[in-house]
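Shown next, in C-alpha cells, is the structure this report addresses.
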Amino acid sequence: MEFEAFTASALADYLGGIPEVRARLGHFDDAGDLDIAEVGDGNLNFVYFVTNARAREHSVVVKQAPPFLRLVGKTWPLSCQRMDHEVAALRRFGALCPQHDRRFITSTNVAI
C-alpha cells in the first residue's frame with residue numbers, strides 16, 4: 001500500500017475510529033470540529049496538533065512516520081517500526097519522570 005500523509009479529513013476519520021482518542025478529544029463530528037495543524041519540521045515525520053475547536057483543553061498530538069526520510073523522499077527508505085522504539089523510549093522516560101508521563105496509542109506508523 002502506498003503511503004499517504006494524512007489530510008485533515010482523513011486524520012479526523014482515523015481519530016474518530018479510536019475510542020480512547022474520541023474520549024480525549026471530546027465530542028466531534030468531523031474535521032470541521034477540530035483544529036488540525038501540521039507542525040513537523042519536514043525532515044523525518046509528519047506531526048499534527050489536533051485540538052477540539054469547541055473545547056480547546058481537549059487535544060492530542062499525532063505523529064505519522066512515513067516509510068522514507070521525508071526530506072529526501074522515497075529514495076531513502078526507513079522502517080516504520082522506528083515509531084515502536086521511540087514510543088518505548090518515551091514510556092521509559094515516563095516511568096522515570098511520572099510528572100511528565102503521557103499516554104501513547106500506536107500502530108505501525110502512527111503514534112498518538
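FYI, nothing fancy with the C-alpha cells labels: chains A, B, ... in order, residues from 1 per chain, ligands from 1 as they appear.
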Among chain A, which ones does DSSP assign to helix (DSSP H, G or I) (computed from the backbone)? Answer as an NGL selection string.
:A and (8-16 or 19-25 or 31-33 or 82-96 or 98-100)
Need to verify the contact set: segment 79-81 of chain A, 9 Å, only C-alpha atoms, exclusion of same-chain residues closer than 2 positions in sequence. Can you return it as a VMD selection string?
chain A and resid 65 to 68 77 83 to 85 108 to 110
Restricted to C-alpha atoms, what would the selected residues look like written as a short mmCIF file (atom, residue, chain, number, x, y, z; two decimals), in the first residue's frame?
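Printed below is result.cif as written:
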```
data_model
loop_
_atom_site.label_atom_id
_atom_site.label_comp_id
_atom_site.auth_asym_id
_atom_site.auth_seq_id
_atom_site.Cartn_x
_atom_site.Cartn_y
_atom_site.Cartn_z
CA ALA A 65 6.13 8.02 10.29
CA PRO A 66 6.42 7.58 6.54
CA PRO A 67 8.45 4.61 5.26
CA PHE A 68 11.10 7.02 3.97
CA PRO A 77 13.66 4.22 2.77
CA MET A 83 7.97 4.53 15.90
CA ASP A 84 7.74 1.49 18.18
CA HIS A 85 11.24 2.17 19.51
CA THR A 108 2.78 0.56 12.78
CA ASN A 109 3.39 4.09 11.56
CA VAL A 110 1.29 6.35 13.81
#
```
One decimal, in Å: what's the spacing between atom CA of Val21 of chain A and atom CA of Ser59 of chain A?
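Atom-to-atom, atom CA of Val21 of chain A and atom CA of Ser59 of chain A are spaced 9.0 Å apart.
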Choose the residue, out of A:Gly94, A:Asn43, A:Thr51, A:Arg70, that has the smallest atom-to-atom separation from Phe28 of chain A; count only C-alpha atoms.
A:Thr51
